[in-house]
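Undergrad: Sharing query_33.cif here; it has mmCIF, N, CA and C atoms.
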data_entry
#
loop_
_atom_site.group_PDB
_atom_site.id
_atom_site.type_symbol
_atom_site.label_atom_id
_atom_site.label_comp_id
_atom_site.auth_asym_id
_atom_site.auth_seq_id
_atom_site.Cartn_x
_atom_site.Cartn_y
_atom_site.Cartn_z
ATOM 1 N N MET X 1 5.559 5.452 -33.713
ATOM 2 C CA MET X 1 5.031 6.275 -32.635
ATOM 3 C C MET X 1 6.081 7.333 -32.285
ATOM 4 N N ASN X 2 5.617 8.389 -31.651
ATOM 5 C CA ASN X 2 6.465 9.528 -31.381
ATOM 6 C C ASN X 2 6.253 10.009 -29.940
ATOM 7 N N CYS X 3 7.329 10.517 -29.335
ATOM 8 C CA CYS X 3 7.267 11.087 -27.993
ATOM 9 C C CYS X 3 8.300 12.193 -27.898
ATOM 10 N N LYS X 4 7.929 13.296 -27.255
ATOM 11 C CA LYS X 4 8.848 14.425 -27.066
ATOM 12 C C LYS X 4 9.025 14.658 -25.577
ATOM 13 N N ILE X 5 10.266 14.925 -25.187
ATOM 14 C CA ILE X 5 10.588 15.253 -23.802
ATOM 15 C C ILE X 5 11.296 16.599 -23.797
ATOM 16 N N THR X 6 10.811 17.534 -22.982
ATOM 17 C CA THR X 6 11.456 18.844 -22.900
ATOM 18 C C THR X 6 12.746 18.734 -22.089
ATOM 19 N N ARG X 7 13.566 19.748 -22.175
ATOM 20 C CA ARG X 7 14.845 19.781 -21.466
ATOM 21 C C ARG X 7 14.642 19.676 -19.951
ATOM 22 N N ASN X 8 13.672 20.426 -19.390
ATOM 23 C CA ASN X 8 13.408 20.362 -17.947
ATOM 24 C C ASN X 8 13.039 18.947 -17.529
ATOM 25 N N ALA X 9 12.137 18.331 -18.275
ATOM 26 C CA ALA X 9 11.693 16.971 -17.941
ATOM 27 C C ALA X 9 12.848 15.986 -18.065
ATOM 28 N N ALA X 10 13.657 16.123 -19.095
ATOM 29 C CA ALA X 10 14.778 15.212 -19.302
ATOM 30 C C ALA X 10 15.759 15.278 -18.131
ATOM 31 N N ASN X 11 16.014 16.466 -17.616
ATOM 32 C CA ASN X 11 16.932 16.611 -16.479
ATOM 33 C C ASN X 11 16.419 15.867 -15.251
ATOM 34 N N VAL X 12 15.136 15.993 -14.957
ATOM 35 C CA VAL X 12 14.542 15.322 -13.799
ATOM 36 C C VAL X 12 14.477 13.812 -14.040
ATOM 37 N N LEU X 13 14.066 13.413 -15.228
ATOM 38 C CA LEU X 13 13.950 11.991 -15.550
ATOM 39 C C LEU X 13 15.311 11.295 -15.536
ATOM 40 N N ARG X 14 16.331 11.966 -16.020
ATOM 41 C CA ARG X 14 17.662 11.365 -16.053
ATOM 42 C C ARG X 14 18.134 11.018 -14.637
ATOM 43 N N ARG X 15 17.883 11.900 -13.675
ATOM 44 C CA ARG X 15 18.266 11.624 -12.284
ATOM 45 C C ARG X 15 17.557 10.373 -11.758
ATOM 46 N N GLU X 16 16.291 10.214 -12.135
ATOM 47 C CA GLU X 16 15.532 9.039 -11.698
ATOM 48 C C GLU X 16 16.015 7.771 -12.405
ATOM 49 N N LEU X 17 16.251 7.865 -13.694
ATOM 50 C CA LEU X 17 16.706 6.698 -14.464
ATOM 51 C C LEU X 17 18.100 6.253 -14.060
ATOM 52 N N ASP X 18 18.919 7.158 -13.545
ATOM 53 C CA ASP X 18 20.282 6.832 -13.142
ATOM 54 C C ASP X 18 20.369 6.154 -11.775
ATOM 55 N N LYS X 19 19.255 6.056 -11.058
ATOM 56 C CA LYS X 19 19.263 5.383 -9.756
ATOM 57 C C LYS X 19 19.481 3.888 -9.968
ATOM 58 N N PRO X 20 20.230 3.247 -9.071
ATOM 59 C CA PRO X 20 20.525 1.814 -9.224
ATOM 60 C C PRO X 20 19.284 0.938 -9.362
ATOM 61 N N GLU X 21 18.206 1.265 -8.652
ATOM 62 C CA GLU X 21 16.990 0.446 -8.711
ATOM 63 C C GLU X 21 16.279 0.527 -10.065
ATOM 64 N N ASN X 22 16.661 1.485 -10.895
ATOM 65 C CA ASN X 22 16.051 1.636 -12.222
ATOM 66 C C ASN X 22 17.008 1.255 -13.348
ATOM 67 N N ALA X 23 18.087 0.560 -13.027
ATOM 68 C CA ALA X 23 19.145 0.262 -13.997
ATOM 69 C C ALA X 23 18.642 -0.459 -15.243
ATOM 70 N N ASP X 24 17.718 -1.386 -15.109
ATOM 71 C CA ASP X 24 17.236 -2.161 -16.255
ATOM 72 C C ASP X 24 15.870 -1.698 -16.752
ATOM 73 N N LYS X 25 15.426 -0.551 -16.282
ATOM 74 C CA LYS X 25 14.078 -0.083 -16.621
ATOM 75 C C LYS X 25 14.123 1.106 -17.570
ATOM 76 N N LYS X 26 12.981 1.348 -18.189
ATOM 77 C CA LYS X 26 12.795 2.497 -19.071
ATOM 78 C C LYS X 26 11.570 3.267 -18.583
ATOM 79 N N LEU X 27 11.450 4.481 -19.047
ATOM 80 C CA LEU X 27 10.291 5.298 -18.728
ATOM 81 C C LEU X 27 9.093 4.807 -19.527
ATOM 82 N N ARG X 28 7.975 4.567 -18.858
ATOM 83 C CA ARG X 28 6.737 4.179 -19.530
ATOM 84 C C ARG X 28 5.710 5.293 -19.353
ATOM 85 N N VAL X 29 5.052 5.673 -20.441
ATOM 86 C CA VAL X 29 3.924 6.600 -20.383
ATOM 87 C C VAL X 29 2.667 5.773 -20.580
ATOM 88 N N VAL X 30 1.689 5.974 -19.701
ATOM 89 C CA VAL X 30 0.436 5.223 -19.743
ATOM 90 C C VAL X 30 -0.750 6.180 -19.782
ATOM 91 N N ILE X 31 -1.864 5.653 -20.223
ATOM 92 C CA ILE X 31 -3.128 6.392 -20.155
ATOM 93 C C ILE X 31 -3.787 6.012 -18.838
ATOM 94 N N THR X 32 -3.998 7.001 -17.980
ATOM 95 C CA THR X 32 -4.639 6.733 -16.695
ATOM 96 C C THR X 32 -6.152 6.821 -16.805
ATOM 97 N N HIS X 33 -6.633 7.603 -17.754
ATOM 98 C CA HIS X 33 -8.077 7.771 -17.951
ATOM 99 C C HIS X 33 -8.284 8.360 -19.338
ATOM 100 N N SER X 34 -9.228 7.829 -20.072
ATOM 101 C CA SER X 34 -9.545 8.433 -21.369
ATOM 102 C C SER X 34 -11.050 8.587 -21.494
ATOM 103 N N HIS X 35 -11.440 9.651 -22.162
ATOM 104 C CA HIS X 35 -12.858 9.889 -22.435
ATOM 105 C C HIS X 35 -12.951 10.793 -23.645
ATOM 106 N N GLY X 36 -13.889 10.468 -24.477
ATOM 107 C CA GLY X 36 -14.045 11.256 -25.697
ATOM 108 C C GLY X 36 -12.809 11.141 -26.561
ATOM 109 N N ASP X 37 -12.296 12.285 -26.965
ATOM 110 C CA ASP X 37 -11.174 12.305 -27.898
ATOM 111 C C ASP X 37 -9.837 12.637 -27.238
ATOM 112 N N HIS X 38 -9.757 12.531 -25.908
ATOM 113 C CA HIS X 38 -8.491 12.818 -25.256
ATOM 114 C C HIS X 38 -8.278 11.916 -24.035
ATOM 115 N N ALA X 39 -7.061 11.988 -23.495
ATOM 116 C CA ALA X 39 -6.697 11.117 -22.378
ATOM 117 C C ALA X 39 -5.923 11.894 -21.325
ATOM 118 N N HIS X 40 -5.837 11.300 -20.162
ATOM 119 C CA HIS X 40 -4.987 11.787 -19.080
ATOM 120 C C HIS X 40 -3.865 10.760 -18.947
ATOM 121 N N TYR X 41 -2.660 11.237 -18.656
ATOM 122 C CA TYR X 41 -1.484 10.386 -18.727
ATOM 123 C C TYR X 41 -0.770 10.276 -17.391
ATOM 124 N N GLY X 42 -0.002 9.203 -17.256
ATOM 125 C CA GLY X 42 0.845 8.986 -16.099
ATOM 126 C C GLY X 42 2.153 8.359 -16.555
ATOM 127 N N MET X 43 3.093 8.208 -15.629
ATOM 128 C CA MET X 43 4.403 7.639 -15.958
ATOM 129 C C MET X 43 4.796 6.624 -14.892
ATOM 130 N N ASP X 44 5.679 5.719 -15.299
ATOM 131 C CA ASP X 44 6.226 4.730 -14.387
ATOM 132 C C ASP X 44 7.555 4.257 -14.954
ATOM 133 N N MET X 45 8.333 3.560 -14.165
ATOM 134 C CA MET X 45 9.547 2.901 -14.639
ATOM 135 C C MET X 45 9.186 1.437 -14.849
ATOM 136 N N ASP X 46 9.549 0.882 -16.005
ATOM 137 C CA ASP X 46 9.087 -0.457 -16.338
ATOM 138 C C ASP X 46 10.027 -1.107 -17.346
ATOM 139 N N VAL X 47 9.850 -2.403 -17.541
ATOM 140 C CA VAL X 47 10.567 -3.172 -18.546
ATOM 141 C C VAL X 47 9.608 -3.412 -19.699
ATOM 142 N N PRO X 48 10.003 -3.123 -20.949
ATOM 143 C CA PRO X 48 9.095 -3.312 -22.081
ATOM 144 C C PRO X 48 8.725 -4.778 -22.278
ATOM 145 N N GLY X 49 7.490 -4.978 -22.761
ATOM 146 C CA GLY X 49 6.996 -6.318 -23.063
ATOM 147 C C GLY X 49 6.660 -6.454 -24.535
ATOM 148 N N ASP X 50 6.025 -7.559 -24.885
ATOM 149 C CA ASP X 50 5.688 -7.861 -26.280
ATOM 150 C C ASP X 50 4.701 -6.872 -26.894
ATOM 151 N N LYS X 51 3.849 -6.275 -26.069
ATOM 152 C CA LYS X 51 2.817 -5.365 -26.577
ATOM 153 C C LYS X 51 3.273 -3.906 -26.580
ATOM 154 N N ASP X 52 4.575 -3.699 -26.370
ATOM 155 C CA ASP X 52 5.113 -2.346 -26.245
ATOM 156 C C ASP X 52 6.018 -1.983 -27.408
ATOM 157 N N GLU X 53 6.150 -0.680 -27.584
ATOM 158 C CA GLU X 53 7.115 -0.127 -28.525
ATOM 159 C C GLU X 53 8.028 0.800 -27.746
ATOM 160 N N VAL X 54 9.331 0.683 -27.954
ATOM 161 C CA VAL X 54 10.297 1.564 -27.306
ATOM 162 C C VAL X 54 10.640 2.675 -28.291
ATOM 163 N N VAL X 55 10.377 3.906 -27.884
ATOM 164 C CA VAL X 55 10.560 5.070 -28.739
ATOM 165 C C VAL X 55 11.763 5.868 -28.248
ATOM 166 N N ALA X 56 12.724 6.098 -29.121
ATOM 167 C CA ALA X 56 13.881 6.920 -28.789
ATOM 168 C C ALA X 56 13.503 8.398 -28.890
ATOM 169 N N THR X 57 14.026 9.210 -27.971
ATOM 170 C CA THR X 57 13.773 10.649 -28.023
ATOM 171 C C THR X 57 15.085 11.385 -28.284
ATOM 172 N N ASP X 58 14.977 12.646 -28.641
ATOM 173 C CA ASP X 58 16.172 13.448 -28.911
ATOM 174 C C ASP X 58 16.928 13.821 -27.634
ATOM 175 N N LYS X 59 16.403 13.455 -26.475
ATOM 176 C CA LYS X 59 17.071 13.726 -25.195
ATOM 177 C C LYS X 59 17.829 12.495 -24.686
ATOM 178 N N GLY X 60 17.872 11.423 -25.496
ATOM 179 C CA GLY X 60 18.596 10.227 -25.102
ATOM 180 C C GLY X 60 17.856 9.356 -24.103
ATOM 181 N N ILE X 61 16.582 9.574 -23.939
ATOM 182 C CA ILE X 61 15.756 8.786 -23.024
ATOM 183 C C ILE X 61 14.765 7.981 -23.865
ATOM 184 N N ASP X 62 14.800 6.664 -23.713
ATOM 185 C CA ASP X 62 13.848 5.801 -24.397
ATOM 186 C C ASP X 62 12.553 5.750 -23.598
ATOM 187 N N VAL X 63 11.432 5.762 -24.318
ATOM 188 C CA VAL X 63 10.114 5.754 -23.687
ATOM 189 C C VAL X 63 9.346 4.531 -24.177
ATOM 190 N N VAL X 64 8.711 3.837 -23.249
ATOM 191 C CA VAL X 64 7.895 2.664 -23.579
ATOM 192 C C VAL X 64 6.451 3.116 -23.761
ATOM 193 N N LEU X 65 5.884 2.781 -24.920
ATOM 194 C CA LEU X 65 4.482 3.078 -25.226
ATOM 195 C C LEU X 65 3.801 1.788 -25.664
ATOM 196 N N THR X 66 2.519 1.638 -25.350
ATOM 197 C CA THR X 66 1.761 0.469 -25.787
ATOM 198 C C THR X 66 1.513 0.572 -27.283
ATOM 199 N N LYS X 67 1.891 -0.476 -28.022
ATOM 200 C CA LYS X 67 1.707 -0.492 -29.483
ATOM 201 C C LYS X 67 0.243 -0.278 -29.845
ATOM 202 N N GLY X 68 0.027 0.518 -30.879
ATOM 203 C CA GLY X 68 -1.312 0.705 -31.418
ATOM 204 C C GLY X 68 -2.226 1.609 -30.619
ATOM 205 N N GLU X 69 -1.758 2.170 -29.527
ATOM 206 C CA GLU X 69 -2.591 3.063 -28.716
ATOM 207 C C GLU X 69 -2.465 4.484 -29.279
ATOM 208 N N ALA X 70 -3.459 4.884 -30.065
ATOM 209 C CA ALA X 70 -3.403 6.153 -30.804
ATOM 210 C C ALA X 70 -3.201 7.359 -29.894
ATOM 211 N N LEU X 71 -3.790 7.362 -28.714
ATOM 212 C CA LEU X 71 -3.680 8.520 -27.828
ATOM 213 C C LEU X 71 -2.307 8.641 -27.165
ATOM 214 N N LEU X 72 -1.452 7.623 -27.313
ATOM 215 C CA LEU X 72 -0.074 7.721 -26.815
ATOM 216 C C LEU X 72 0.875 8.259 -27.878
ATOM 217 N N ASP X 73 0.503 8.114 -29.140
ATOM 218 C CA ASP X 73 1.362 8.573 -30.230
ATOM 219 C C ASP X 73 1.390 10.096 -30.265
ATOM 220 N N GLY X 74 2.570 10.671 -30.008
ATOM 221 C CA GLY X 74 2.718 12.125 -30.031
ATOM 222 C C GLY X 74 2.710 12.777 -28.664
ATOM 223 N N VAL X 75 2.806 11.988 -27.580
ATOM 224 C CA VAL X 75 2.793 12.585 -26.243
ATOM 225 C C VAL X 75 4.010 13.473 -26.026
ATOM 226 N N LYS X 76 3.811 14.475 -25.183
ATOM 227 C CA LYS X 76 4.874 15.423 -24.835
ATOM 228 C C LYS X 76 4.987 15.446 -23.312
ATOM 229 N N ILE X 77 6.211 15.220 -22.807
ATOM 230 C CA ILE X 77 6.464 15.220 -21.375
ATOM 231 C C ILE X 77 7.227 16.496 -21.033
ATOM 232 N N ASP X 78 6.655 17.280 -20.121
ATOM 233 C CA ASP X 78 7.290 18.517 -19.683
ATOM 234 C C ASP X 78 7.392 18.497 -18.160
ATOM 235 N N TYR X 79 8.238 19.338 -17.625
ATOM 236 C CA TYR X 79 8.359 19.508 -16.177
ATOM 237 C C TYR X 79 8.311 20.994 -15.899
ATOM 238 N N LEU X 80 7.297 21.404 -15.147
ATOM 239 C CA LEU X 80 7.092 22.819 -14.863
ATOM 240 C C LEU X 80 7.468 23.129 -13.419
ATOM 241 N N TYR X 81 7.974 24.335 -13.212
ATOM 242 C CA TYR X 81 8.318 24.795 -11.874
ATOM 243 C C TYR X 81 7.305 25.793 -11.330
ATOM 244 N N PHE X 82 6.479 26.326 -12.214
ATOM 245 C CA PHE X 82 5.498 27.344 -11.819
ATOM 246 C C PHE X 82 4.251 27.163 -12.662
ATOM 247 N N PRO X 83 3.069 27.280 -12.197
ATOM 248 C CA PRO X 83 2.666 27.680 -10.853
ATOM 249 C C PRO X 83 2.767 26.554 -9.820
ATOM 250 N N LYS X 84 2.861 25.303 -10.290
ATOM 251 C CA LYS X 84 3.004 24.165 -9.387
ATOM 252 C C LYS X 84 4.046 23.236 -9.991
ATOM 253 N N GLU X 85 5.036 22.838 -9.184
ATOM 254 C CA GLU X 85 6.120 22.010 -9.689
ATOM 255 C C GLU X 85 5.646 20.583 -9.946
ATOM 256 N N GLY X 86 6.027 20.056 -11.120
ATOM 257 C CA GLY X 86 5.707 18.671 -11.432
ATOM 258 C C GLY X 86 5.658 18.412 -12.929
ATOM 259 N N PHE X 87 5.467 17.137 -13.261
ATOM 260 C CA PHE X 87 5.380 16.726 -14.661
ATOM 261 C C PHE X 87 4.015 17.058 -15.230
ATOM 262 N N VAL X 88 4.013 17.414 -16.517
ATOM 263 C CA VAL X 88 2.787 17.637 -17.269
ATOM 264 C C VAL X 88 2.929 16.848 -18.562
ATOM 265 N N ILE X 89 1.993 15.950 -18.800
ATOM 266 C CA ILE X 89 2.013 15.142 -20.017
ATOM 267 C C ILE X 89 0.785 15.482 -20.836
ATOM 268 N N THR X 90 1.023 15.881 -22.067
ATOM 269 C CA THR X 90 -0.058 16.235 -22.980
ATOM 270 C C THR X 90 0.165 15.517 -24.306
ATOM 271 N N ASN X 91 -0.791 15.679 -25.197
ATOM 272 C CA ASN X 91 -0.634 15.149 -26.557
ATOM 273 C C ASN X 91 -1.145 16.186 -27.540
ATOM 274 N N PRO X 92 -0.299 17.190 -27.846
ATOM 275 C CA PRO X 92 -0.708 18.260 -28.763
ATOM 276 C C PRO X 92 -1.141 17.741 -30.132
ATOM 277 N N SER X 93 -0.584 16.611 -30.573
ATOM 278 C CA SER X 93 -0.943 16.088 -31.892
ATOM 279 C C SER X 93 -2.374 15.582 -31.921
ATOM 280 N N LYS X 94 -2.966 15.349 -30.740
ATOM 281 C CA LYS X 94 -4.352 14.893 -30.658
ATOM 282 C C LYS X 94 -5.262 15.982 -30.089
ATOM 283 N N GLY X 95 -4.742 17.200 -29.995
ATOM 284 C CA GLY X 95 -5.550 18.314 -29.488
ATOM 285 C C GLY X 95 -5.601 18.393 -27.974
ATOM 286 N N ASN X 96 -4.801 17.589 -27.276
ATOM 287 C CA ASN X 96 -4.781 17.604 -25.816
ATOM 288 C C ASN X 96 -3.620 18.485 -25.360
ATOM 289 N N HIS X 97 -3.957 19.669 -24.866
ATOM 290 C CA HIS X 97 -2.922 20.627 -24.456
ATOM 291 C C HIS X 97 -2.878 20.784 -22.929
ATOM 292 N N GLY X 98 -3.505 19.885 -22.198
ATOM 293 C CA GLY X 98 -3.472 19.932 -20.735
ATOM 294 C C GLY X 98 -4.757 19.438 -20.149
ATOM 295 N N ASP X 99 -4.684 19.079 -18.865
ATOM 296 C CA ASP X 99 -5.875 18.589 -18.158
ATOM 297 C C ASP X 99 -6.910 19.696 -18.040
ATOM 298 N N HIS X 100 -8.147 19.274 -17.953
ATOM 299 C CA HIS X 100 -9.237 20.255 -17.801
ATOM 300 C C HIS X 100 -9.835 20.168 -16.425
#
Would you kindly transcribe this structure into structure tokens?

TA:
Amino acid sequence: MNCKITRNAANVLRRELDKPENADKKLRVVITHSHGDHAHYGMDMDVPGDKDEVVATDKGIDVVLTKGEALLDGVKIDYLYFPKEGFVITNPSKGNHGDH
């Protein structure tokens, strides 16, 4: 499985992961809603389990994904400042380039 994190997102995520309450946790990307051929995504801090795969990224942040979940393979995590500040999670490899 594959996951990409942009530089902006990595900077924000690193601050959250460095908090003492998240010391033993990793970033988890989840599907909050799926329909048809695409999904909507969310994030949480969590400890990986037996049904998970931990994916290393080039930003030094490990991401927990549910094994075998095709719509999670290839997710991209970005953090935008304009037009509205916040995280945006898409899956360009599955044709999902943003919420509709």

Undergrad: Fewer than 5 positions away in the same chain doesn't count, so skip those; otherwise give me all residues within 5 Å of segment 35-48 of chain X, counting all atoms listed in the file, as a ChimeraX atom specification.

TA: /X:25-30

Undergrad: Mind pulling up the distance from atom C of Lys84 of chain X to atom C of Asn2 of chain X?

TA: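 Atom C of Lys84 of chain X lies 24.0 Å from atom C of Asn2 of chain X.
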
Undergrad: Can you list, as a VMD selection string, the residues that the PyMOL selection byres ((chain X and resi 1) around 6.5) selects here?

TA: chain X and resid 2 to 3 55 73 to 74

Undergrad: Return the single residue from X:Thr90, X:Ile31, X:Arg7, X:Asp18 that is closest to Lys76 of chain X, with distances computed using all atoms listed in the file.

TA: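 Once distances to Lys76 of chain X are computed over all atoms listed in the file, the minimum belongs to X:Thr90.
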
Undergrad: DSSP says alpha helix (DSSP H) for which residues of chain X? Put them as a VMD selection string?

TA: chain X and resid 7 to 17

Undergrad: Smallest atom-to-atom distance to Ser93 of chain X: which of X:Val75, X:Arg15, X:Leu80, X:Pro20, using only N, CA and C atoms?

TA: X:Val75

Undergrad: What is the distance, in Å and to one decimal place, between atom CA of Asn91 of chain X and atom CA of Asn22 of chain X?

TA: 25.8 Å

Undergrad: Output as AutoDock Vina command-line options the centre and edge lengths (Å, one decimal) of the box along x, y and z of the file that holds every listed atom of segment 73-91 of chain X after adding 3 Å on each side.

TA:
--center_x 3.6 --center_y 17.9 --center_z -19.7 --size_x 15.5 --size_y 25.6 --size_z 27.1

Undergrad: Selected by the PyMOL selection byres ((chain X and resi 10) around 8) in the shown coordinates: which residues, as a PyMOL selection string?

TA: chain X and resi 5-9+11-16+59-61+77-79

Undergrad: Which residues come within 7 Å of Asp52 of chain X, counting all atoms listed in the file, excluding same-chain residues fewer than 5 positions away, as a list in words?

TA: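 Near neighbours after the sequence-gap exclusion: Val64, Leu65, Thr66 and Lys67 of chain X.
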
Undergrad: Determine which residues of segment 40-95 of chain X DSSP labels as strand (DSSP E) from the backbone of this structure, then write them out as a list of chain:residue names.

TA: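 Going through segment 40-95 of chain X, the strand (DSSP E) residues come out as X:His40, X:Tyr41, X:Gly42, X:Met43, X:Asp44, X:Met45, X:Asp46, X:Asp52, X:Glu53, X:Val54, X:Val55, X:Ala56, X:Asp62, X:Val63, X:Val64, X:Leu65, X:Thr66, X:Val75, X:Lys76, X:Ile77, X:Asp78, X:Tyr79, X:Leu80, X:Gly86, X:Phe87, X:Val88, X:Ile89, X:Thr90.
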
Undergrad: Please indicate the distance in Å from atom C of Lys4 of chain X to atom N of Asp62 of chain X, rounded to one decimal place.

TA: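 It comes out at 10.0 Å.
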
Undergrad: Please determine, counting only C-alpha atoms, which residue among X:Ala70, X:Tyr81, X:Gly49, X:Asp58 has the shortest atom-to-atom distance to Lys94 of chain X.

TA: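 Among the listed residues, X:Ala70 lies closest to Lys94 of chain X.
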